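Chemist: So that you have it, the file is model.cif, and it contains mmCIF, C-alpha atoms:
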```cif
data_start
loop_
_atom_site.group_PDB
_atom_site.id
_atom_site.type_symbol
_atom_site.label_atom_id
_atom_site.label_comp_id
_atom_site.auth_asym_id
_atom_site.auth_seq_id
_atom_site.Cartn_x
_atom_site.Cartn_y
_atom_site.Cartn_z
ATOM 1 C CA MET A 21 0.000 0.000 0.000
ATOM 2 C CA ASN A 22 2.850 2.358 0.901
ATOM 3 C CA GLU A 23 4.759 1.546 -2.229
ATOM 4 C CA ASN A 24 1.690 1.968 -4.396
ATOM 5 C CA LEU A 25 0.633 5.250 -2.875
ATOM 6 C CA PHE A 26 3.904 7.081 -3.345
ATOM 7 C CA SER A 27 4.747 5.600 -6.713
ATOM 8 C CA SER A 28 3.502 8.638 -8.611
ATOM 9 C CA PHE A 29 6.141 10.774 -6.912
ATOM 10 C CA ILE A 30 9.159 8.843 -8.143
ATOM 11 C CA THR A 31 11.180 10.826 -10.659
ATOM 12 C CA PRO A 32 10.145 9.273 -13.961
ATOM 13 C CA THR A 33 12.730 7.458 -16.030
ATOM 14 C CA MET A 34 11.939 5.459 -19.119
ATOM 15 C CA MET A 35 14.369 2.598 -19.690
ATOM 16 C CA GLY A 36 17.093 4.514 -17.886
ATOM 17 C CA LEU A 37 16.518 7.829 -19.680
ATOM 18 C CA PRO A 38 15.535 10.663 -17.380
ATOM 19 C CA ILE A 39 12.343 11.906 -18.976
ATOM 20 C CA VAL A 40 11.843 14.250 -16.033
ATOM 21 C CA ILE A 41 13.655 16.818 -18.175
ATOM 22 C CA ALA A 42 11.010 16.587 -20.873
ATOM 23 C CA ILE A 43 8.180 16.645 -18.326
ATOM 24 C CA THR A 44 9.560 19.730 -16.587
ATOM 25 C CA MET A 45 9.986 21.525 -19.891
ATOM 26 C CA PHE A 46 6.544 20.579 -21.152
ATOM 27 C CA PRO A 47 4.492 23.467 -19.651
ATOM 28 C CA SER A 48 6.565 26.010 -21.539
ATOM 29 C CA ILE A 49 5.087 24.639 -24.772
ATOM 30 C CA MET A 50 1.711 25.905 -23.582
ATOM 31 C CA PHE A 51 2.979 29.491 -23.812
ATOM 32 C CA PRO A 52 3.885 30.257 -27.438
ATOM 33 C CA SER A 53 6.076 33.283 -27.940
ATOM 34 C CA PRO A 54 4.526 36.281 -29.696
ATOM 35 C CA ASN A 55 6.115 36.856 -33.073
ATOM 36 C CA ARG A 56 3.714 39.230 -34.783
ATOM 37 C CA LEU A 57 2.290 42.651 -34.202
ATOM 38 C CA ILE A 58 -1.226 41.234 -33.767
ATOM 39 C CA ASN A 59 -1.083 37.746 -32.304
ATOM 40 C CA ASN A 60 -3.609 34.992 -32.118
ATOM 41 C CA ARG A 61 -6.130 34.715 -29.311
ATOM 42 C CA LEU A 62 -4.150 32.334 -27.120
ATOM 43 C CA ILE A 63 -1.082 34.557 -27.018
ATOM 44 C CA SER A 64 -3.189 37.681 -26.551
ATOM 45 C CA ILE A 65 -5.046 36.173 -23.615
ATOM 46 C CA GLN A 66 -1.798 35.021 -22.002
ATOM 47 C CA GLN A 67 -0.232 38.428 -22.542
ATOM 48 C CA TRP A 68 -3.237 40.125 -20.999
ATOM 49 C CA LEU A 69 -3.116 37.810 -17.956
ATOM 50 C CA VAL A 70 0.595 38.451 -17.505
ATOM 51 C CA GLN A 71 0.013 42.185 -17.719
ATOM 52 C CA LEU A 72 -2.781 41.997 -15.142
ATOM 53 C CA THR A 73 -0.683 39.906 -12.749
ATOM 54 C CA SER A 74 2.468 41.952 -13.137
ATOM 55 C CA LYS A 75 0.645 45.233 -12.544
ATOM 56 C CA GLN A 76 -0.849 43.868 -9.344
ATOM 57 C CA MET A 77 2.314 42.249 -8.104
ATOM 58 C CA LEU A 78 4.879 44.886 -8.949
ATOM 59 C CA SER A 79 2.911 47.902 -7.753
ATOM 60 C CA ILE A 80 4.509 47.730 -4.296
ATOM 61 C CA HIS A 81 8.063 47.786 -5.566
ATOM 62 C CA ASN A 82 10.357 50.674 -6.316
ATOM 63 C CA GLN A 83 12.536 51.038 -9.396
ATOM 64 C CA LYS A 84 15.143 48.569 -8.173
ATOM 65 C CA GLY A 85 12.602 45.935 -7.252
ATOM 66 C CA GLN A 86 10.813 46.190 -10.572
ATOM 67 C CA THR A 87 13.863 44.859 -12.400
ATOM 68 C CA TRP A 88 12.754 41.493 -11.016
ATOM 69 C CA ALA A 89 9.529 41.618 -13.049
ATOM 70 C CA LEU A 90 10.613 39.043 -15.627
ATOM 71 C CA MET A 91 11.789 36.619 -12.962
ATOM 72 C CA LEU A 92 8.626 36.877 -10.899
ATOM 73 C CA MET A 93 6.318 36.542 -13.885
ATOM 74 C CA SER A 94 8.069 33.487 -15.272
ATOM 75 C CA LEU A 95 8.082 32.021 -11.752
ATOM 76 C CA ILE A 96 4.351 32.347 -11.316
ATOM 77 C CA LEU A 97 3.722 31.011 -14.835
ATOM 78 C CA PHE A 98 6.017 28.026 -14.255
ATOM 79 C CA ILE A 99 4.563 27.020 -10.896
ATOM 80 C CA GLY A 100 0.960 27.660 -11.935
ATOM 81 C CA SER A 101 1.173 25.749 -15.207
ATOM 82 C CA THR A 102 3.120 22.859 -13.648
ATOM 83 C CA ASN A 103 0.593 22.509 -10.819
ATOM 84 C CA LEU A 104 -2.402 22.673 -13.138
ATOM 85 C CA LEU A 105 -0.971 20.095 -15.527
ATOM 86 C CA GLY A 106 -0.314 17.835 -12.549
ATOM 87 C CA LEU A 107 -4.039 17.525 -11.968
ATOM 88 C CA LEU A 108 -4.379 15.367 -15.061
ATOM 89 C CA PRO A 109 -4.616 11.667 -14.169
ATOM 90 C CA HIS A 110 -1.388 9.671 -14.219
ATOM 91 C CA SER A 111 0.738 12.766 -14.759
ATOM 92 C CA PHE A 112 3.932 13.598 -12.912
ATOM 93 C CA THR A 113 4.075 16.963 -11.174
ATOM 94 C CA PRO A 114 7.603 18.318 -10.888
ATOM 95 C CA THR A 115 6.649 20.641 -8.055
ATOM 96 C CA THR A 116 6.043 17.644 -5.800
ATOM 97 C CA GLN A 117 9.793 17.108 -5.815
ATOM 98 C CA LEU A 118 11.460 18.722 -2.835
ATOM 99 C CA SER A 119 14.631 19.050 -4.891
ATOM 100 C CA LEU A 120 12.973 21.283 -7.457
ATOM 101 C CA ASN A 121 11.341 23.503 -4.877
ATOM 102 C CA LEU A 122 14.541 23.856 -2.891
ATOM 103 C CA GLY A 123 16.351 24.639 -6.123
ATOM 104 C CA MET A 124 13.856 27.435 -6.761
ATOM 105 C CA ALA A 125 13.512 28.783 -3.250
ATOM 106 C CA ILE A 126 17.135 28.959 -2.118
ATOM 107 C CA PRO A 127 18.599 30.887 -5.088
ATOM 108 C CA LEU A 128 15.682 33.314 -5.245
ATOM 109 C CA TRP A 129 15.712 34.005 -1.514
ATOM 110 C CA ALA A 130 19.505 34.295 -1.516
ATOM 111 C CA GLY A 131 19.242 36.716 -4.429
ATOM 112 C CA THR A 132 16.929 38.986 -2.482
ATOM 113 C CA VAL A 133 19.129 38.887 0.628
ATOM 114 C CA ILE A 134 22.315 39.564 -1.309
ATOM 115 C CA THR A 135 20.617 42.417 -3.161
ATOM 116 C CA GLY A 136 19.684 43.878 0.195
ATOM 117 C CA PHE A 137 23.216 43.537 1.512
ATOM 118 C CA ARG A 138 24.752 45.138 -1.536
ATOM 119 C CA HIS A 139 22.490 48.128 -1.803
ATOM 120 C CA LYS A 140 21.199 48.873 1.679
ATOM 121 C CA THR A 141 23.728 47.178 3.972
ATOM 122 C CA LYS A 142 22.785 48.980 7.168
ATOM 123 C CA ALA A 143 19.046 48.642 6.654
ATOM 124 C CA SER A 144 19.218 44.944 5.837
ATOM 125 C CA LEU A 145 21.363 44.247 8.889
ATOM 126 C CA ALA A 146 18.936 46.302 10.960
ATOM 127 C CA HIS A 147 16.223 43.777 10.147
ATOM 128 C CA PHE A 148 17.794 41.479 12.708
ATOM 129 C CA LEU A 149 16.707 43.682 15.592
ATOM 130 C CA PRO A 150 13.196 45.128 15.718
ATOM 131 C CA GLN A 151 12.813 48.640 17.062
ATOM 132 C CA GLY A 152 12.268 49.283 20.721
ATOM 133 C CA THR A 153 13.417 45.992 22.190
ATOM 134 C CA PRO A 154 14.551 46.180 25.815
ATOM 135 C CA LEU A 155 18.333 45.824 26.272
ATOM 136 C CA PRO A 156 18.531 42.408 28.004
ATOM 137 C CA LEU A 157 16.442 40.756 25.294
ATOM 138 C CA ILE A 158 18.709 41.833 22.433
ATOM 139 C CA PRO A 159 20.983 38.745 22.065
ATOM 140 C CA MET A 160 18.101 36.327 22.166
ATOM 141 C CA LEU A 161 16.119 38.386 19.685
ATOM 142 C CA VAL A 162 19.016 38.549 17.240
ATOM 143 C CA VAL A 163 19.243 34.764 17.359
ATOM 144 C CA ILE A 164 15.511 34.441 16.799
ATOM 145 C CA GLU A 165 15.542 36.846 13.866
ATOM 146 C CA THR A 166 18.498 35.024 12.289
ATOM 147 C CA ILE A 167 16.708 31.713 12.568
ATOM 148 C CA SER A 168 13.542 33.184 11.096
ATOM 149 C CA LEU A 169 15.551 34.614 8.215
ATOM 150 C CA PHE A 170 17.257 31.330 7.383
ATOM 151 C CA ILE A 171 14.054 29.388 7.623
ATOM 152 C CA GLN A 172 12.402 31.477 4.887
ATOM 153 C CA PRO A 173 13.723 29.449 1.891
ATOM 154 C CA MET A 174 13.096 26.150 3.660
ATOM 155 C CA ALA A 175 9.526 27.186 4.416
ATOM 156 C CA LEU A 176 8.987 28.285 0.815
ATOM 157 C CA ALA A 177 10.171 24.967 -0.571
ATOM 158 C CA VAL A 178 8.492 22.698 1.948
ATOM 159 C CA ARG A 179 5.201 24.635 1.787
ATOM 160 C CA LEU A 180 4.900 24.117 -1.950
ATOM 161 C CA THR A 181 6.026 20.487 -1.856
ATOM 162 C CA ALA A 182 3.756 19.532 1.018
ATOM 163 C CA ASN A 183 0.660 21.258 -0.335
ATOM 164 C CA ILE A 184 0.841 19.754 -3.796
ATOM 165 C CA THR A 185 1.923 16.308 -2.567
ATOM 166 C CA ALA A 186 -0.828 16.200 0.046
ATOM 167 C CA GLY A 187 -3.452 17.197 -2.472
ATOM 168 C CA HIS A 188 -2.365 14.543 -4.941
ATOM 169 C CA LEU A 189 -2.264 11.886 -2.215
ATOM 170 C CA LEU A 190 -5.790 12.792 -1.100
ATOM 171 C CA ILE A 191 -7.090 12.508 -4.641
ATOM 172 C CA HIS A 192 -5.435 9.082 -4.986
ATOM 173 C CA LEU A 193 -6.840 7.832 -1.691
ATOM 174 C CA ILE A 194 -10.386 9.100 -2.150
ATOM 175 C CA GLY A 195 -10.456 7.931 -5.753
ATOM 176 C CA GLY A 196 -9.326 4.485 -4.677
ATOM 177 C CA ALA A 197 -11.923 4.465 -1.926
ATOM 178 C CA THR A 198 -14.682 5.405 -4.386
ATOM 179 C CA LEU A 199 -13.645 2.586 -6.686
ATOM 180 C CA ALA A 200 -13.558 0.055 -3.866
ATOM 181 C CA LEU A 201 -16.900 1.188 -2.488
ATOM 182 C CA MET A 202 -18.712 0.870 -5.808
ATOM 183 C CA SER A 203 -19.005 -2.896 -5.529
ATOM 184 C CA ILE A 204 -20.038 -2.721 -1.859
ATOM 185 C CA SER A 205 -22.666 0.006 -1.715
ATOM 186 C CA THR A 206 -23.359 2.425 -4.558
ATOM 187 C CA ILE A 207 -24.801 5.185 -2.387
ATOM 188 C CA THR A 208 -21.616 5.505 -0.329
ATOM 189 C CA ALA A 209 -19.662 5.466 -3.547
ATOM 190 C CA MET A 210 -21.701 8.413 -4.788
ATOM 191 C CA VAL A 211 -20.997 10.326 -1.594
ATOM 192 C CA THR A 212 -17.318 9.605 -1.969
ATOM 193 C CA PHE A 213 -17.485 10.649 -5.598
ATOM 194 C CA THR A 214 -18.976 13.980 -4.598
ATOM 195 C CA ILE A 215 -16.135 14.424 -2.151
ATOM 196 C CA LEU A 216 -13.744 13.686 -5.009
ATOM 197 C CA ILE A 217 -15.345 16.346 -7.193
ATOM 198 C CA LEU A 218 -15.105 18.921 -4.420
ATOM 199 C CA LEU A 219 -11.522 17.941 -3.771
ATOM 200 C CA THR A 220 -10.619 18.370 -7.424
ATOM 201 C CA ILE A 221 -12.090 21.853 -7.424
ATOM 202 C CA LEU A 222 -10.063 22.596 -4.306
ATOM 203 C CA GLU A 223 -6.959 21.295 -5.983
ATOM 204 C CA PHE A 224 -7.463 23.619 -8.924
ATOM 205 C CA ALA A 225 -7.610 26.493 -6.527
ATOM 206 C CA VAL A 226 -4.612 25.222 -4.558
ATOM 207 C CA ALA A 227 -2.570 24.873 -7.713
ATOM 208 C CA LEU A 228 -3.035 28.508 -8.557
ATOM 209 C CA ILE A 229 -2.879 29.760 -5.018
ATOM 210 C CA GLN A 230 0.389 28.034 -4.277
ATOM 211 C CA ALA A 231 1.971 29.598 -7.315
ATOM 212 C CA TYR A 232 0.731 32.955 -6.203
ATOM 213 C CA VAL A 233 1.893 32.528 -2.623
ATOM 214 C CA PHE A 234 5.370 31.452 -3.656
ATOM 215 C CA THR A 235 5.779 34.386 -5.966
ATOM 216 C CA LEU A 236 4.247 36.811 -3.518
ATOM 217 C CA LEU A 237 6.590 35.786 -0.751
ATOM 218 C CA VAL A 238 9.620 36.089 -2.983
ATOM 219 C CA SER A 239 8.456 39.529 -3.960
ATOM 220 C CA LEU A 240 7.943 40.395 -0.308
ATOM 221 C CA TYR A 241 11.460 39.350 0.552
ATOM 222 C CA LEU A 242 12.556 41.458 -2.370
ATOM 223 C CA HIS A 243 10.613 44.433 -1.093
ATOM 224 C CA ASP A 244 12.298 44.176 2.260
ATOM 225 C CA ASN A 245 15.659 44.259 0.625
ATOM 226 C CA THR A 246 15.429 46.920 -2.082
ATOM 227 C CA MET B 18 9.205 8.830 0.593
ATOM 228 C CA PRO B 19 10.543 8.999 -2.949
ATOM 229 C CA GLN B 20 11.099 12.739 -2.841
ATOM 230 C CA LEU B 21 13.979 12.199 -0.415
ATOM 231 C CA ASP B 22 15.946 9.973 -2.774
ATOM 232 C CA THR B 23 18.829 12.306 -3.544
ATOM 233 C CA SER B 24 20.098 10.367 -6.555
ATOM 234 C CA THR B 25 17.647 12.150 -8.837
ATOM 235 C CA TRP B 26 18.022 15.577 -7.300
ATOM 236 C CA PHE B 27 20.710 16.764 -9.679
ATOM 237 C CA ILE B 28 18.771 16.042 -12.862
ATOM 238 C CA THR B 29 15.554 17.527 -11.455
ATOM 239 C CA ILE B 30 17.200 20.764 -10.394
ATOM 240 C CA LEU B 31 19.037 20.970 -13.710
ATOM 241 C CA SER B 32 15.844 20.576 -15.724
ATOM 242 C CA MET B 33 14.124 23.175 -13.537
ATOM 243 C CA ILE B 34 16.921 25.678 -14.064
ATOM 244 C CA ILE B 35 16.771 25.183 -17.817
ATOM 245 C CA THR B 36 12.997 25.577 -17.890
ATOM 246 C CA LEU B 37 12.613 28.441 -15.490
ATOM 247 C CA PHE B 38 15.636 30.530 -16.316
ATOM 248 C CA PHE B 39 15.896 29.929 -20.031
ATOM 249 C CA MET B 40 12.699 28.781 -21.665
ATOM 250 C CA PHE B 41 10.105 30.690 -19.705
ATOM 251 C CA GLN B 42 12.099 33.890 -19.511
ATOM 252 C CA LEU B 43 12.874 33.872 -23.228
ATOM 253 C CA LYS B 44 9.164 33.582 -23.943
ATOM 254 C CA VAL B 45 7.949 36.153 -21.450
ATOM 255 C CA ALA B 46 10.677 38.595 -22.486
ATOM 256 C CA LYS B 47 9.066 38.767 -25.919
ATOM 257 C CA TYR B 48 5.784 40.031 -24.523
ATOM 258 C CA ASN B 49 5.297 43.676 -25.261
ATOM 259 C CA PHE B 50 2.604 45.855 -23.850
ATOM 260 C CA PRO B 51 2.166 48.810 -26.181
ATOM 261 C CA GLU B 52 0.509 52.013 -25.034
ATOM 262 C CA ASN B 53 -2.911 52.816 -26.436
ATOM 263 C CA PRO B 54 -2.574 54.604 -29.763
ATOM 264 C CA GLU B 55 -3.209 58.339 -29.612
ATOM 265 C CA PRO B 56 -2.406 61.181 -32.065
ATOM 266 C CA LYS B 57 1.031 62.676 -31.698
ATOM 267 C CA PRO B 58 1.055 66.448 -31.037
ATOM 268 C CA MET B 59 2.678 67.947 -34.142
ATOM 269 C CA PRO B 60 4.063 71.523 -34.222
ATOM 270 C CA MET B 61 1.708 73.610 -36.367
ATOM 271 C CA SER B 62 4.163 76.310 -37.385
ATOM 272 C CA LYS B 63 5.589 76.394 -40.885
ATOM 273 C CA SER B 64 8.943 78.090 -41.307
ATOM 274 C CA THR B 65 8.843 80.879 -43.863
ATOM 275 C CA THR B 66 11.411 81.297 -46.603
ATOM 276 C CA PRO B 67 13.261 84.623 -46.526
ATOM 277 C CA TRP B 68 11.455 86.092 -49.434
ATOM 278 C CA GLU B 69 8.050 85.400 -47.928
ATOM 279 C CA LYS B 70 8.585 87.367 -44.721
ATOM 280 C CA LYS B 71 7.675 90.553 -46.437
ATOM 281 C CA TRP B 72 5.206 90.443 -49.217
ATOM 282 C CA THR B 73 5.491 93.039 -51.817
ATOM 283 C CA LYS B 74 3.593 93.413 -54.983
ATOM 284 C CA ILE B 75 6.655 92.846 -57.113
ATOM 285 C CA TYR B 76 6.744 89.145 -56.059
ATOM 286 C CA SER B 77 3.404 88.447 -57.481
ATOM 287 C CA PRO B 78 3.962 86.073 -60.421
ATOM 288 C CA LEU B 79 1.984 88.097 -62.929
ATOM 289 C CA SER B 80 4.016 91.244 -62.222
ATOM 290 C CA LEU B 81 7.409 89.623 -62.753
ATOM 291 C CA PRO B 82 9.186 90.578 -65.932
ATOM 292 C CA LEU B 83 8.303 88.283 -68.771
ATOM 293 C CA GLN B 84 11.022 85.664 -69.438
#
```
Before we go any further, please render this structure as structure tokens.

Modeler:
Amino acid sequence: MNENLFSSFITPTMMGLPIVIAITMFPSIMFPSPNRLINNRLISIQQWLVQLTSKQMLSIHNQKGQTWALMLMSLILFIGSTNLLGLLPHSFTPTTQLSLNLGMAIPLWAGTVITGFRHKTKASLAHFLPQGTPLPLIPMLVVIETISLFIQPMALAVRLTANITAGHLLIHLIGGATLALMSISTITAMVTFTILILLTILEFAVALIQAYVFTLLVSLYLHDNT
Amino acid sequence: MPQLDTSTWFITILSMIITLFFMFQLKVAKYNFPENPEPKPMPMSKSTTPWEKKWTKIYSPLSLPLQ
């Protein structure tokens, strides 16, 4: 049962070839690049969505922070499209891999921190000590702030991994339960099927929300540091 | 838990870096968001040639000496 349940999270290889590369690159095919002055409807809709999202997300940043626009937009497109494609049956979702999420979270977070150190050294070091703390509490508070700073990339990665993995596991379990219950009592199977439908709708929302949260937090860390 | 099997971590991270930093950014970089078209304010003045600053009757074509 254990082996069966987690088998969809094994990095896919086909006869020794790592096809995880092809699967990770697949969502980018869904976004054709605009080559003409007036593009077709798909590209126009995607461009409009990107414009909407970037206006909303980059409004809080100053000039320096807005240079990250391309990075943040491609991040939200990558995570959103990967999560949504993972809802198809029997598909492999790269964002369930802790390695991928760590590989995204650590460089992006480190980039924001290093940007802060380079441009506003005093202000970024001042983040370690909130204003108005009484004198005896200072060493302990510096330690706490350091820990909370270093946990940011770990939390980013693990949050995304855990949410998507948990959702996929729930869909597997409830789907299996529905199938098993169909031969026993159809009414219960219908109830379970309704739960499955609701869960799938939730997973659609989670897919998009997780992409948004990841990108929003990166942009927040950026805002602190520019 | 298969996510903790570090033997595949290198290839996964590599494929993510290629996708996120190359493919997606090359596509999104080509998006352009033009401003709404509006008429450009053109200067209305027309520079005058030296002989038109002062009009005198002798410049009227019919009064010029016949060639």

Chemist: Which residue, A:Leu149, A:Ile204, A:Ala125, A:Met77, has the smallest gap to A:Ser168 when you use all atoms listed in the file?

Modeler: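 Nearest to A:Ser168: A:Leu149.
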
Chemist: Run through the PyMOL selection byres ((chain B) within 12 of (chain A)) on the given coordinates and return the selected residues as a PyMOL selection string.

Modeler: chain B and resi 18-51

Chemist: To one decimal place, how far is atom CA of A:Phe148 from atom CA of A:Gly131 in Å?

Modeler: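 Pair atom CA of A:Phe148 / atom CA of A:Gly131 returns 17.8 Å.
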
Chemist: Which of these, A:Met35, A:Leu62, A:Leu190, A:Tyr241, has the shortest distance to A:His147 once you count only C-alpha atoms?

Modeler: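 Closest candidate: A:Tyr241.
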
Chemist: Take every atom of stretch 31-35 of chain B listed in the file, pad by 6 Å on each side, and give me the axis-aligned box centre and edge lengths in Å, one decimal, as JSON.

Modeler:
```
{"center_x": 16.6, "center_y": 23.1, "center_z": -15.7, "size_x": 16.9, "size_y": 17.1, "size_z": 16.3}
```

Chemist: Could you please determine the separation between atom CA of A:Ile164 and atom CA of A:Ala130 in Å, to one decimal place?

Modeler: 18.7 Å

Chemist: Would you pick out the contacts of A:Gln83 at 12 Å or less, using all atoms listed in the file, so that residues sharing its chain but fewer than 4 positions from it are not included, and give the list as a PyMOL selection string?

Modeler: chain A and resi 78-79+87-89+242-243+246

Chemist: Emit the selected residues as a PDB file, in the frame of the given file, including C-alpha atoms.

Modeler:
```pdb
ATOM      1  CA  LEU A  78       4.879  44.886  -8.949  1.00  0.00           C
ATOM      2  CA  SER A  79       2.911  47.902  -7.753  1.00  0.00           C
ATOM      3  CA  THR A  87      13.863  44.859 -12.400  1.00  0.00           C
ATOM      4  CA  TRP A  88      12.754  41.493 -11.016  1.00  0.00           C
ATOM      5  CA  ALA A  89       9.529  41.618 -13.049  1.00  0.00           C
ATOM      6  CA  LEU A 242      12.556  41.458  -2.370  1.00  0.00           C
ATOM      7  CA  HIS A 243      10.613  44.433  -1.093  1.00  0.00           C
ATOM      8  CA  THR A 246      15.429  46.920  -2.082  1.00  0.00           C
TER       9      THR A 246
END
```

Chemist: Just to confirm, what's the straight-line distance from atom CA of A:Leu201 to atom CA of A:Ser111 in Å (one decimal)?

Modeler: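 Going from atom CA of A:Leu201 over to atom CA of A:Ser111, I get 24.4 Å.
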
Chemist: If you count only C-alpha atoms, which residues fall within 12 Å of A:Leu161, apart from same-chain ones fewer than 3 positions away, as an MDAnalysis selection string?

Modeler: chainID A and resid 147:158 164:168

Chemist: Filtering to C-alpha atoms, could you give me those residues as a short mmCIF file (atom, residue, chain, number, x, y, z; two decimals), in the coordinates of the input?

Modeler:
```
data_model
loop_
_atom_site.label_atom_id
_atom_site.label_comp_id
_atom_site.auth_asym_id
_atom_site.auth_seq_id
_atom_site.Cartn_x
_atom_site.Cartn_y
_atom_site.Cartn_z
CA HIS A 147 16.22 43.78 10.15
CA PHE A 148 17.79 41.48 12.71
CA LEU A 149 16.71 43.68 15.59
CA PRO A 150 13.20 45.13 15.72
CA GLN A 151 12.81 48.64 17.06
CA GLY A 152 12.27 49.28 20.72
CA THR A 153 13.42 45.99 22.19
CA PRO A 154 14.55 46.18 25.82
CA LEU A 155 18.33 45.82 26.27
CA PRO A 156 18.53 42.41 28.00
CA LEU A 157 16.44 40.76 25.29
CA ILE A 158 18.71 41.83 22.43
CA ILE A 164 15.51 34.44 16.80
CA GLU A 165 15.54 36.85 13.87
CA THR A 166 18.50 35.02 12.29
CA ILE A 167 16.71 31.71 12.57
CA SER A 168 13.54 33.18 11.10
#
```
